[in-house]
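Dumped work_34.txt below, it's compact mmCIF, C-alpha atoms and all ligand atoms:
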```txt
# COMPACT_ATOMS: atom_id res chain seq x y z
CA MET J 59 35.65 134.00 143.29
CA LYS J 60 37.63 136.14 140.86
CA VAL J 61 40.68 135.19 138.84
CA ASP J 62 43.66 136.84 140.53
CA ASP J 63 46.58 135.36 138.61
CA VAL J 64 47.42 133.55 135.40
CA ILE J 65 50.72 131.68 135.15
CA VAL J 66 52.01 130.28 131.87
CA ARG J 67 54.72 127.67 131.78
CA ARG J 68 56.62 125.71 129.12
CA VAL J 69 56.41 121.98 129.85
CA TRP J 70 57.07 118.84 127.72
CA ASP J 71 54.85 116.44 125.83
CA SER J 72 55.04 112.74 124.98
CA ARG J 73 56.99 113.40 121.77
CA GLY J 74 59.64 115.38 123.68
CA ARG J 75 58.31 118.66 122.32
CA PRO J 76 57.60 121.79 124.33
CA THR J 77 53.98 122.47 125.11
CA VAL J 78 51.89 124.98 127.05
CA GLU J 79 50.77 124.68 130.66
CA VAL J 80 48.49 127.34 132.13
CA GLU J 81 47.67 127.79 135.79
CA LEU J 82 44.76 129.96 136.95
CA ARG J 83 44.38 131.12 140.52
CA ALA J 84 41.26 132.52 142.14
CA GLY J 85 41.66 132.92 145.90
CA ALA J 86 42.39 129.46 147.26
CA ALA J 87 41.23 127.78 144.03
CA ILE J 88 43.88 126.65 141.55
CA GLY J 89 43.39 125.05 138.14
CA ARG J 90 46.09 123.77 135.83
CA ALA J 91 46.02 122.19 132.38
CA ILE J 92 48.41 121.24 129.58
CA ALA J 93 47.71 121.60 125.85
CA PRO J 94 47.85 118.42 123.71
CA SER J 95 49.02 118.47 120.10
CA GLY J 96 48.06 116.49 116.99
CA ALA J 97 50.27 115.06 114.23
CA SER J 98 47.51 114.25 111.74
CA THR J 99 45.64 117.50 112.13
CA GLY J 100 42.51 118.48 110.25
CA ARG J 101 42.71 121.53 107.99
CA GLY J 102 39.77 123.15 109.74
CA GLU J 103 40.95 122.86 113.31
CA ALA J 104 41.98 125.80 115.51
CA ALA J 105 45.69 126.35 114.84
CA GLU J 106 48.30 126.15 117.55
CA ARG J 107 51.15 128.63 117.71
CA ARG J 108 54.85 127.72 117.88
CA ASP J 109 57.99 129.85 117.83
CA GLY J 110 59.31 128.48 114.54
CA GLY J 111 62.97 128.92 113.70
CA SER J 112 65.58 126.28 114.33
CA ARG J 113 65.41 125.85 118.11
CA LEU J 114 63.71 122.57 119.12
CA GLY J 115 62.69 121.90 115.54
CA GLY J 116 60.62 125.09 115.49
CA PHE J 117 58.27 123.59 118.10
CA ASP J 118 59.33 125.79 121.01
CA VAL J 119 56.67 127.90 122.73
CA SER J 120 58.91 130.22 124.79
CA ASP J 121 58.23 133.28 122.62
CA VAL J 122 54.55 132.35 122.33
CA LEU J 123 54.28 132.32 126.12
CA ASP J 124 56.25 135.55 126.58
CA HIS J 125 53.70 137.17 124.28
CA ALA J 126 50.57 135.47 125.63
CA GLY J 127 51.22 135.66 129.40
CA PRO J 128 50.63 139.42 129.85
CA LEU J 129 47.67 139.35 127.43
CA LEU J 130 46.01 136.55 129.39
CA ARG J 131 46.54 138.34 132.69
CA ALA J 132 45.10 141.58 131.34
CA ALA J 133 42.09 139.79 129.85
CA LEU J 134 41.21 137.36 132.65
CA VAL J 135 42.17 138.83 136.02
CA GLY J 136 38.99 139.97 137.76
CA LEU J 137 36.62 137.61 135.91
CA ASP J 138 34.43 135.20 137.88
CA ILE J 139 36.26 131.84 137.83
CA ASN J 140 32.91 130.05 137.56
CA ASP J 141 31.84 131.96 134.47
CA GLN J 142 33.47 129.63 131.92
CA ALA J 143 31.55 131.23 129.04
CA ALA J 144 32.88 134.73 129.88
CA ILE J 145 36.44 133.42 130.21
CA ASP J 146 36.20 131.58 126.88
CA ARG J 147 34.68 134.68 125.25
CA ARG J 148 37.69 136.74 126.37
CA LEU J 149 40.00 134.06 124.94
CA ARG J 150 38.16 134.23 121.64
CA GLU J 151 38.56 138.03 121.66
CA LEU J 152 42.32 137.56 122.02
CA GLU J 153 42.18 135.02 119.17
CA PRO J 154 39.44 136.24 116.82
CA ASP J 155 40.44 133.97 113.90
CA LYS J 156 41.04 130.34 114.85
CA HIS J 157 43.02 129.76 111.67
CA HIS J 158 45.40 132.72 112.06
CA PRO J 159 46.70 132.30 115.58
CA MET J 160 47.64 135.39 117.60
CA ILE J 161 48.14 133.47 120.85
CA GLY J 162 47.40 129.98 119.49
CA ALA J 163 44.86 127.26 120.22
CA ASN J 164 47.49 125.60 122.41
CA VAL J 165 47.33 128.65 124.70
CA THR J 166 43.53 129.09 124.53
CA ILE J 167 42.70 125.43 125.25
CA ALA J 168 45.18 125.12 128.13
CA THR J 169 43.70 128.31 129.63
CA SER J 170 40.11 127.24 129.08
CA MET J 171 40.72 123.83 130.66
CA ALA J 172 42.68 125.38 133.55
CA ALA J 173 39.70 127.67 134.19
CA ALA J 174 37.39 124.64 134.38
CA TRP J 175 39.70 122.96 136.91
CA ALA J 176 39.87 126.16 138.97
CA GLY J 177 36.09 126.57 138.74
CA ALA J 178 35.62 123.01 139.99
CA SER J 179 38.12 123.64 142.78
CA ALA J 180 36.27 126.83 143.79
CA VAL J 181 33.03 124.90 144.32
CA SER J 182 34.83 121.82 145.75
CA ARG J 183 33.51 119.50 143.05
CA PRO J 184 35.39 116.94 140.97
CA LEU J 185 35.90 118.28 137.45
CA TRP J 186 33.65 115.70 135.77
CA ARG J 187 30.78 116.67 138.04
CA HIS J 188 31.44 120.38 137.55
CA LEU J 189 31.47 119.94 133.75
CA SER J 190 28.26 117.96 133.91
CA ASP J 191 26.65 120.77 135.93
CA THR J 192 27.88 123.64 133.77
CA LEU J 193 28.45 122.59 130.18
CA GLY J 194 27.24 119.05 129.69
CA GLY J 195 24.45 116.63 130.25
CA PRO J 196 24.01 113.74 132.63
CA ALA J 197 27.36 112.23 133.65
CA ARG J 198 28.03 108.68 132.46
CA LEU J 199 31.01 106.44 131.90
CA PRO J 200 32.17 106.13 128.28
CA LEU J 201 33.14 102.99 126.38
CA PRO J 202 36.96 103.05 126.01
CA GLU J 203 38.31 102.81 122.45
CA ILE J 204 41.93 101.67 122.78
CA GLN J 205 44.74 101.43 120.27
CA ILE J 206 46.49 98.09 119.81
CA LEU J 207 48.55 98.86 116.68
CA GLY J 208 49.75 102.33 115.72
CA GLY J 209 50.29 103.38 112.12
CA GLY J 210 50.03 106.31 109.74
CA ALA J 211 51.51 109.63 110.84
CA HIS J 212 52.18 108.13 114.27
CA ALA J 213 54.50 105.44 112.91
CA ASP J 214 56.31 107.06 110.01
CA GLY J 215 53.70 105.81 107.53
CA ARG J 216 54.76 102.15 107.98
CA LEU J 217 51.11 101.15 107.86
CA ASP J 218 48.45 103.09 105.96
CA ILE J 219 45.75 102.69 108.61
CA GLN J 220 46.57 105.15 111.38
CA ASP J 221 44.93 103.41 114.34
CA LEU J 222 43.86 99.81 114.82
CA LEU J 223 41.89 99.89 118.04
CA VAL J 224 39.52 97.71 119.98
CA VAL J 225 36.30 98.39 121.85
CA ALA J 226 34.75 95.98 124.33
CA PRO J 227 30.96 96.20 123.88
CA GLY J 228 30.54 93.06 126.01
CA ALA J 229 32.22 94.61 129.04
CA SER J 230 30.00 95.74 131.88
CA SER J 231 32.30 98.43 133.29
CA VAL J 232 35.38 100.51 132.51
CA VAL J 233 37.32 98.18 134.82
CA GLN J 234 36.36 95.20 132.68
CA ALA J 235 36.80 96.98 129.33
CA LEU J 236 40.38 97.90 130.27
CA GLU J 237 41.15 94.41 131.48
CA TRP J 238 39.85 92.79 128.30
CA THR J 239 41.74 95.28 126.17
CA ALA J 240 44.96 94.62 128.08
CA GLU J 241 44.53 90.91 127.34
CA VAL J 242 44.14 91.65 123.63
CA TYR J 243 47.18 93.97 123.73
CA LEU J 244 49.30 91.23 125.31
CA CYS J 245 48.12 88.67 122.74
CA ALA J 246 48.86 91.04 119.85
CA GLY J 247 52.36 91.55 121.27
CA ALA J 248 52.88 87.80 121.57
CA LEU J 249 51.71 87.21 117.99
CA LEU J 250 54.11 89.88 116.73
CA GLN J 251 56.91 88.37 118.80
CA GLU J 252 56.25 84.91 117.38
CA GLY J 253 56.43 86.33 113.87
CA GLY J 254 59.69 88.15 114.69
CA ARG J 255 57.89 91.45 114.11
CA ARG J 256 57.79 93.07 117.52
CA GLY J 257 59.54 96.43 117.38
CA GLY J 258 58.49 98.74 120.21
CA VAL J 259 55.54 101.10 120.20
CA ALA J 260 54.26 104.00 118.08
CA ASP J 261 53.33 107.55 119.23
CA GLU J 262 50.18 106.55 121.08
CA GLY J 263 51.58 103.37 122.63
CA GLY J 264 50.15 100.80 120.20
CA TRP J 265 52.60 98.22 118.81
CA TRP J 266 54.88 99.56 116.09
CA PRO J 267 53.58 98.12 112.80
CA ARG J 268 55.66 95.70 110.77
CA PHE J 269 53.24 94.34 108.22
CA ASP J 270 53.26 93.51 104.53
CA SER J 271 49.75 94.84 103.96
CA ASN J 272 46.84 96.49 105.76
CA ASP J 273 45.02 93.14 105.60
CA ASP J 274 47.94 91.54 107.39
CA ALA J 275 47.51 93.97 110.32
CA LEU J 276 43.72 93.50 110.42
CA ALA J 277 44.15 89.70 110.40
CA LEU J 278 46.66 89.87 113.26
CA LEU J 279 44.33 92.01 115.38
CA THR J 280 41.41 89.67 114.69
CA LYS J 281 43.59 86.75 115.77
CA ALA J 282 44.69 88.59 118.93
CA ILE J 283 41.04 89.04 119.97
CA GLU J 284 40.42 85.31 119.36
CA ARG J 285 43.55 84.24 121.20
CA ALA J 286 42.55 86.40 124.18
CA GLY J 287 39.34 84.34 124.24
CA TYR J 288 36.77 86.94 123.23
CA GLU J 289 33.96 86.57 120.76
CA ALA J 290 34.11 89.22 118.02
CA PRO J 291 32.36 91.56 117.49
CA ASN J 292 29.96 90.79 120.33
CA GLN J 293 32.44 90.99 123.21
CA VAL J 294 35.44 92.72 121.66
CA ALA J 295 35.45 94.38 118.23
CA ILE J 296 37.80 96.31 115.98
CA ALA J 297 37.64 100.09 115.46
CA LEU J 298 39.78 101.83 112.83
CA ASP J 299 40.95 105.37 112.31
CA ILE J 300 41.90 105.58 108.64
CA ALA J 301 42.85 109.29 108.90
CA ALA J 302 42.37 109.25 105.13
CA SER J 303 43.35 112.91 104.63
CA GLN J 304 46.91 111.74 105.29
CA LEU J 305 46.67 109.22 102.43
CA TRP J 306 45.18 111.65 99.89
CA ASP J 307 47.78 113.08 97.50
CA GLY J 308 45.39 115.48 95.79
CA ALA J 309 44.20 112.95 93.23
CA ARG J 310 44.19 109.51 94.87
CA TYR J 311 44.51 107.62 98.13
CA GLN J 312 48.01 106.19 98.28
CA LEU J 313 47.88 102.89 100.16
CA ARG J 314 51.64 102.35 100.10
CA CYS J 315 51.51 99.21 102.19
CA ASP J 316 49.20 97.60 99.62
CA HIS J 317 50.98 99.17 96.60
CA VAL J 318 47.76 100.68 95.28
CA ALA J 319 46.44 104.17 94.55
CA LEU J 320 42.65 104.44 94.81
CA ASP J 321 40.05 107.00 93.84
CA GLY J 322 37.20 107.78 96.27
CA PRO J 323 34.76 105.05 95.16
CA GLU J 324 37.58 102.48 95.09
CA MET J 325 38.56 103.53 98.60
CA VAL J 326 34.95 103.00 99.73
CA THR J 327 34.97 99.53 98.14
CA THR J 328 38.24 98.64 99.85
CA LEU J 329 36.99 99.79 103.26
CA VAL J 330 33.69 97.95 102.85
CA GLY J 331 35.74 94.85 101.97
CA TRP J 332 37.65 95.18 105.25
CA CYS J 333 34.35 95.56 107.13
CA ASP J 334 33.11 92.37 105.40
CA ARG J 335 36.20 90.34 106.28
CA TYR J 336 37.00 91.52 109.82
CA PRO J 337 34.90 92.24 112.95
CA ILE J 338 34.99 96.02 112.49
CA VAL J 339 32.30 98.13 114.17
CA SER J 340 33.75 101.65 113.82
CA VAL J 341 35.64 103.52 111.11
CA GLU J 342 36.94 107.08 111.59
CA ASP J 343 37.72 109.45 108.70
CA PRO J 344 37.25 106.83 105.96
CA LEU J 345 37.82 109.45 103.26
CA ALA J 346 39.69 112.75 103.15
CA GLU J 347 38.31 115.81 104.92
CA HIS J 348 37.21 117.55 101.71
CA ASP J 349 34.96 114.66 100.64
CA ALA J 350 31.81 114.68 102.82
CA ALA J 351 29.85 113.14 99.93
CA GLY J 352 32.28 110.22 99.77
CA VAL J 353 32.02 109.77 103.53
CA SER J 354 28.22 109.71 103.15
CA ALA J 355 28.50 107.02 100.50
CA PHE J 356 30.62 104.91 102.85
CA THR J 357 28.20 105.49 105.76
CA ARG J 358 25.30 104.33 103.58
CA ALA J 359 27.24 101.24 102.50
CA VAL J 360 27.84 100.12 106.09
CA THR J 361 24.58 101.27 107.71
CA GLY J 362 23.47 98.97 110.51
CA ARG J 363 26.92 97.44 110.82
CA VAL J 364 29.53 100.10 111.40
CA GLN J 365 29.73 103.45 113.20
CA VAL J 366 31.34 106.16 111.04
CA VAL J 367 33.28 108.83 112.92
CA GLY J 368 34.15 112.35 111.77
CA ASP J 369 37.44 113.72 113.13
CA ASP J 370 39.31 115.76 110.48
CA LEU J 371 35.96 115.99 108.71
CA LEU J 372 34.15 117.86 111.53
CA VAL J 373 37.06 119.22 113.64
CA THR J 374 34.79 119.70 116.69
CA ASP J 375 33.13 122.64 114.94
CA ALA J 376 29.43 123.29 115.58
CA ALA J 377 28.84 124.95 112.20
CA LEU J 378 30.47 122.07 110.30
CA VAL J 379 28.47 119.55 112.33
CA ARG J 380 25.28 121.41 111.37
CA SER J 381 26.21 121.49 107.68
CA ILE J 382 27.78 118.04 107.04
CA GLY J 383 27.23 116.12 110.30
CA ASP J 384 24.66 113.93 108.57
CA SER J 385 27.45 112.27 106.55
CA VAL J 386 28.56 110.32 109.66
CA THR J 387 27.01 108.63 112.70
CA THR J 388 29.48 109.92 115.28
CA MET J 389 31.52 113.04 116.06
CA LEU J 390 35.02 112.87 117.50
CA LEU J 391 35.35 115.59 120.12
CA LYS J 392 38.84 117.03 120.51
CA PRO J 393 38.65 120.18 122.67
CA ASN J 394 41.83 121.69 121.20
CA GLN J 395 40.34 121.51 117.69
CA ALA J 396 37.70 123.96 118.92
CA GLY J 397 40.10 126.12 120.96
CA THR J 398 37.92 126.56 124.08
CA LEU J 399 35.68 124.30 126.15
CA THR J 400 32.64 126.47 125.43
CA GLU J 401 33.08 125.99 121.68
CA ALA J 402 33.72 122.26 122.13
CA ALA J 403 30.48 122.10 124.14
CA ALA J 404 28.68 123.89 121.30
CA ALA J 405 29.94 121.23 118.87
CA LEU J 406 28.70 118.57 121.29
CA ALA J 407 25.26 120.21 121.39
CA ALA J 408 25.20 120.39 117.58
CA ALA J 409 26.14 116.71 117.38
CA ARG J 410 23.36 115.78 119.80
CA ALA J 411 20.87 117.87 117.83
CA ALA J 412 21.95 116.01 114.66
CA GLY J 413 21.43 112.64 116.38
CA LEU J 414 25.14 111.77 116.40
CA THR J 415 26.94 109.82 119.08
CA VAL J 416 30.18 111.37 120.39
CA ILE J 417 33.66 110.08 121.24
CA ALA J 418 35.89 112.35 123.33
CA SER J 419 39.50 112.13 122.18
CA ALA J 420 43.03 112.97 123.25
CA ARG J 421 45.77 113.76 120.69
CA SER J 422 48.87 111.88 119.59
CA GLY J 423 51.03 114.42 121.43
CA GLU J 424 49.92 114.26 125.06
CA SER J 425 50.99 114.71 128.66
CA GLU J 426 49.92 113.61 132.12
CA ASP J 427 46.93 115.98 131.81
CA VAL J 428 43.68 114.08 132.49
CA THR J 429 41.10 116.71 131.58
CA ILE J 430 39.78 114.65 128.65
CA ALA J 431 38.68 111.80 130.96
CA HIS J 432 36.62 114.27 133.00
CA ILE J 433 35.14 115.80 129.86
CA ALA J 434 34.03 112.41 128.55
CA VAL J 435 32.25 111.58 131.80
CA GLY J 436 30.91 115.06 132.57
CA TRP J 437 29.54 115.55 129.08
CA GLY J 438 28.26 111.99 128.83
CA THR J 439 30.05 111.13 125.58
CA GLU J 440 29.52 107.55 124.40
CA GLY J 441 33.21 106.88 123.84
CA LEU J 442 36.69 107.88 125.03
CA LYS J 443 39.77 107.48 122.84
CA VAL J 444 43.19 108.35 124.27
CA GLY J 445 45.57 105.98 122.45
CA SER J 446 46.81 102.69 123.81
CA ILE J 447 46.97 101.14 127.27
CA THR J 448 50.71 101.76 127.57
CA ARG J 449 52.86 104.88 128.11
CA GLY J 450 52.23 107.19 131.05
CA GLU J 451 50.45 109.93 129.11
CA ARG J 452 47.82 107.33 128.06
CA THR J 453 47.55 105.37 131.32
CA ALA J 454 47.20 108.68 133.22
CA LYS J 455 43.83 109.07 131.49
CA TRP J 456 42.64 105.47 131.80
CA ASN J 457 43.66 105.35 135.45
CA GLU J 458 41.83 108.62 136.10
CA LEU J 459 38.76 107.11 134.41
CA LEU J 460 38.97 104.18 136.83
CA ARG J 461 38.97 106.58 139.78
CA ILE J 462 36.06 108.52 138.31
CA GLU J 463 34.17 105.26 137.70
CA GLU J 464 34.18 104.53 141.43
CA ALA J 465 32.63 107.93 142.18
CA VAL J 466 30.10 107.79 139.34
CA VAL J 467 28.94 104.32 140.30
CA ALA J 468 28.71 105.34 143.96
CA SER J 469 26.43 108.22 142.96
CA GLY J 470 24.16 105.99 140.84
CA GLY J 471 25.63 106.80 137.42
CA SER J 472 26.02 104.22 134.68
CA PHE J 473 28.44 102.86 132.07
CA VAL J 474 27.40 103.45 128.46
CA GLY J 475 28.73 100.05 127.37
CA ARG J 476 27.32 98.46 124.25
CA ALA J 477 24.89 101.33 123.67
CA ALA J 478 27.86 103.42 122.56
CA LEU J 479 27.86 101.32 119.40
CA ARG J 480 24.16 101.52 118.64
CA GLY J 481 23.39 100.79 115.02
CA THR J 482 26.40 98.50 114.56
CA ALA J 483 26.95 94.74 114.46
CA ALA J 484 27.81 95.01 118.18
CA ALA J 485 24.47 96.63 119.11
CA PRO J 486 21.96 95.99 116.34
CA GLN J 487 18.83 97.10 118.18
CA ALA J 488 19.58 100.77 117.79
CA ASP J 489 16.19 102.04 118.85
CA GLN J 490 16.41 100.65 122.35
CA TRP J 491 19.11 103.19 123.14
CA SER J 492 18.46 106.85 123.73
CA THR J 493 20.72 109.87 123.41
CA PRO J 494 20.94 112.13 126.44
CA ARG J 495 19.86 115.72 126.05
CA ASN J 496 22.26 118.48 126.81
CA GLY J 497 21.23 121.71 128.41
CA ASN J 498 23.56 123.94 126.42
CA GLU J 499 21.98 124.15 122.98
P1 LIG J 501 46.36 113.36 115.97
O1 LIG J 501 45.68 111.97 115.65
O2 LIG J 501 46.19 113.66 117.40
O3 LIG J 501 47.80 113.13 115.58
O4 LIG J 501 45.71 114.38 115.07
C1 LIG J 501 44.62 111.44 116.37
C2 LIG J 501 43.46 111.10 115.45
O5 LIG J 501 43.55 111.25 114.23
O6 LIG J 501 42.40 110.70 115.95
ZN ZN J 502 41.39 110.64 113.78
```
Full structure transcribed into structure tokens:
Amino acid sequence: MKVDDVIVRRVWDSRGRPTVEVELRAGAAIGRAIAPSGASTGRGEAAERRDGGSRLGGFDVSDVLDHAGPLLRAALVGLDINDQAAIDRRLRELEPDKHHPMIGANVTIATSMAAAWAGASAVSRPLWRHLSDTLGGPARLPLPEIQILGGGAHADGRLDIQDLLVVAPGASSVVQALEWTAEVYLCAGALLQEGGRRGGVADEGGWWPRFDSNDDALALLTKAIERAGYEAPNQVAIALDIAASQLWDGARYQLRCDHVALDGPEMVTTLVGWCDRYPIVSVEDPLAEHDAAGVSAFTRAVTGRVQVVGDDLLVTDAALVRSIGDSVTTMLLKPNQAGTLTEAAAALAAARAAGLTVIASARSGESEDVTIAHIAVGWGTEGLKVGSITRGERTAKWNELLRIEEAVVASGGSFVGRAALRGTAAAPQADQWSTPRNGNE
């Protein structure tokens, strides 16, 4: 079936900003997707395009869409809707330099994802199964990584750590992992309430942070896991996203909550101290994106205990994964950092070739779009991170994952579970777990 129309539309995201929706039609098949948007973006990621100026804080996309709509139609109408690679190649021709946007990564990713939905619709397959067939490996259910406390750029810098999340390695299904996490979320809310510190939620739905120090927040989360009745880290454990590029002022890491400014080695020491004192099994972007050697030093210091995740460091870029992927254990996969699904799949293949585990991730600016849940399952990523278990743009994805779980289980698929954290305190026997092969190297 051939693409016969491309419709672009301005819709709204979870921060009340305009964003891009693209709809592709091919005969009776229709696919639609909405671009997400980051707040703590990596320097190397594919750049989105906005109108600028004063309207809507410069975030409008009306002009971007007026420009892109006719270009997309000219480039894509007539292509086979099931040839994702050809569609993504055309998008890359319209946007030859990811860092100097002509149409913007917000337009390319929404189009690429819409094409995948339309392709799935054309062959009457659910998207996760279609992605597994075309771009991924064996479908499996990822371990959810869910935010309990928001901080950093998502909470006006009130806490230095950007995300305090939990994972539930002891859970035997997505159903159970979400239920356990919801219990921890409720307990964290109650503890904040008791301390007179409950003040709404941050951008991704985690509790808004009111803490005197980063330790204070880590201690509260540890206590919430205990109060919910789980053994840490065996059943429920802490995962952090430091998003350290946001703390780096060009010379030092400014931990404003702790009233200290640290150099790289001091930052490593501080993070290792947190890993010693709290049941932490995963740390994302421990150091700034320019310091792969520092990240390596941290990874070595916590080997066998903690998974180290590259987000701003690797920006879902296959070439970066090949050159510095060995500084971490895990790649965060954000499709809009790559700009198209084909390029995100190439980064996934590079991560697999480097022996890394992978966590598929949404952005802090999101919508009801659920493509990321299908990507995680279809591509067999070990983890899925979409923010907290509150706010519709987050629950849309978790609830979709619950629906997908029913279908995956019915077709004999499995839940990654504890194996997602191989090589950590939550899954010490690393060698009993194997990494799936992908067919798209
Ligand atoms: P962002 O943050 O979507 O605002 O970039 C998410 C993350 O750092 O993982
Ligand atoms: Zn991150």
>> Rounded to one decimal, what separation in Å do you get between atom CA of Ser385 of chain J and atom CA of Pro227 of chain J?
In response: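 Going from atom CA of Ser385 of chain J over to atom CA of Pro227 of chain J covers 23.9 Å.
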>> To one decimal place in Å, what is the distance between atom CA of Val165 of chain J and atom CA of Glu424 of chain J?
In response: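 Going from atom CA of Val165 of chain J over to atom CA of Glu424 of chain J covers 14.6 Å.
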>> Restricting the calculation to all atoms listed in the file: of J:Gly263, J:Gly441, J:Gly362, J:Gly368, which residue gets closest to Arg480 of chain J?
In response: J:Gly362
> ligand LIG 501 (chain J): which residues are within 9 Å, counting only C-alpha atoms and all ligand atoms, as a VMD selection string?
Replying inline: chain J and resid 94 to 100 211 to 212 220 to 221 261 to 262 299 to 301 342 to 343 369 to 370 390 392 419 to 424 443 to 445
> Using all atoms listed in the file, which of the listed residues (J:Thr453, J:Gln304, J:Asn140, J:Asn272) sits closest to ligand ZN 502 (chain J)?
Replying inline: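 Closest residue, counting all atoms listed in the file: J:Gln304.
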> So which residues touch Asp384 of chain J within 10 Å, counting only C-alpha atoms, skipping near sequence neighbours fewer than 4 positions away, as a PyMOL selection string?
Replying inline: chain J and resi 350+353-354+357+379-380+388+409+412-414
> Smallest atom-to-atom distance to ligand ZN 502 (chain J): which of J:Ser303, J:Ser271, J:Ser120, J:Ser182, using all atoms listed in the file?
Replying inline: J:Ser303
> Between J:Val339, J:Leu345, J:Leu372, J:Ala87, which has the minimum distance to Thr327 of chain J (counting all atoms listed in the file)?
Replying inline: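 So, comparing all the options, the nearest one is J:Leu345.
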Report as a CSV table (one decimal) with C-alpha atoms, in the coordinates of the input all protein, DNA and RNA residues lying within 12 Å of Asn457 of chain J, evaluated on all atoms listed in the file, omitting residues in the same chain fewer than 2 positions from it.
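Final output, part.csv:
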```csv
chain,number,residue,atom,x,y,z
J,202,PRO,CA,37.0,103.0,126.0
J,232,VAL,CA,35.4,100.5,132.5
J,233,VAL,CA,37.3,98.2,134.8
J,236,LEU,CA,40.4,97.9,130.3
J,237,GLU,CA,41.2,94.4,131.5
J,426,GLU,CA,49.9,113.6,132.1
J,427,ASP,CA,46.9,116.0,131.8
J,428,VAL,CA,43.7,114.1,132.5
J,431,ALA,CA,38.7,111.8,131.0
J,432,HIS,CA,36.6,114.3,133.0
J,444,VAL,CA,43.2,108.4,124.3
J,447,ILE,CA,47.0,101.1,127.3
J,448,THR,CA,50.7,101.8,127.6
J,449,ARG,CA,52.9,104.9,128.1
J,450,GLY,CA,52.2,107.2,131.0
J,451,GLU,CA,50.4,109.9,129.1
J,452,ARG,CA,47.8,107.3,128.1
J,453,THR,CA,47.6,105.4,131.3
J,454,ALA,CA,47.2,108.7,133.2
J,455,LYS,CA,43.8,109.1,131.5
J,459,LEU,CA,38.8,107.1,134.4
J,460,LEU,CA,39.0,104.2,136.8
J,461,ARG,CA,39.0,106.6,139.8
J,462,ILE,CA,36.1,108.5,138.3
J,463,GLU,CA,34.2,105.3,137.7
J,464,GLU,CA,34.2,104.5,141.4
```
> What is the atom CA of Val61 of chain J-atom CA of Leu82 of chain J distance in Å, reported with one decimal?
Replying inline: 6.9 Å
> Is there a way to get, as a PyMOL selection string, all residues within 12 Å of the point (33.7, 85.3, 121.9) in file coordinates, counting only C-alpha atoms?
Replying inline: chain J and resi 226-229+238+280-295+337+484
> Hey, which of J:Leu279, J:Ala402, J:Leu222, J:Ala483 ends up closest to ligand ZN 502 (chain J)? Count only C-alpha atoms and all ligand atoms.
Replying inline: J:Leu222
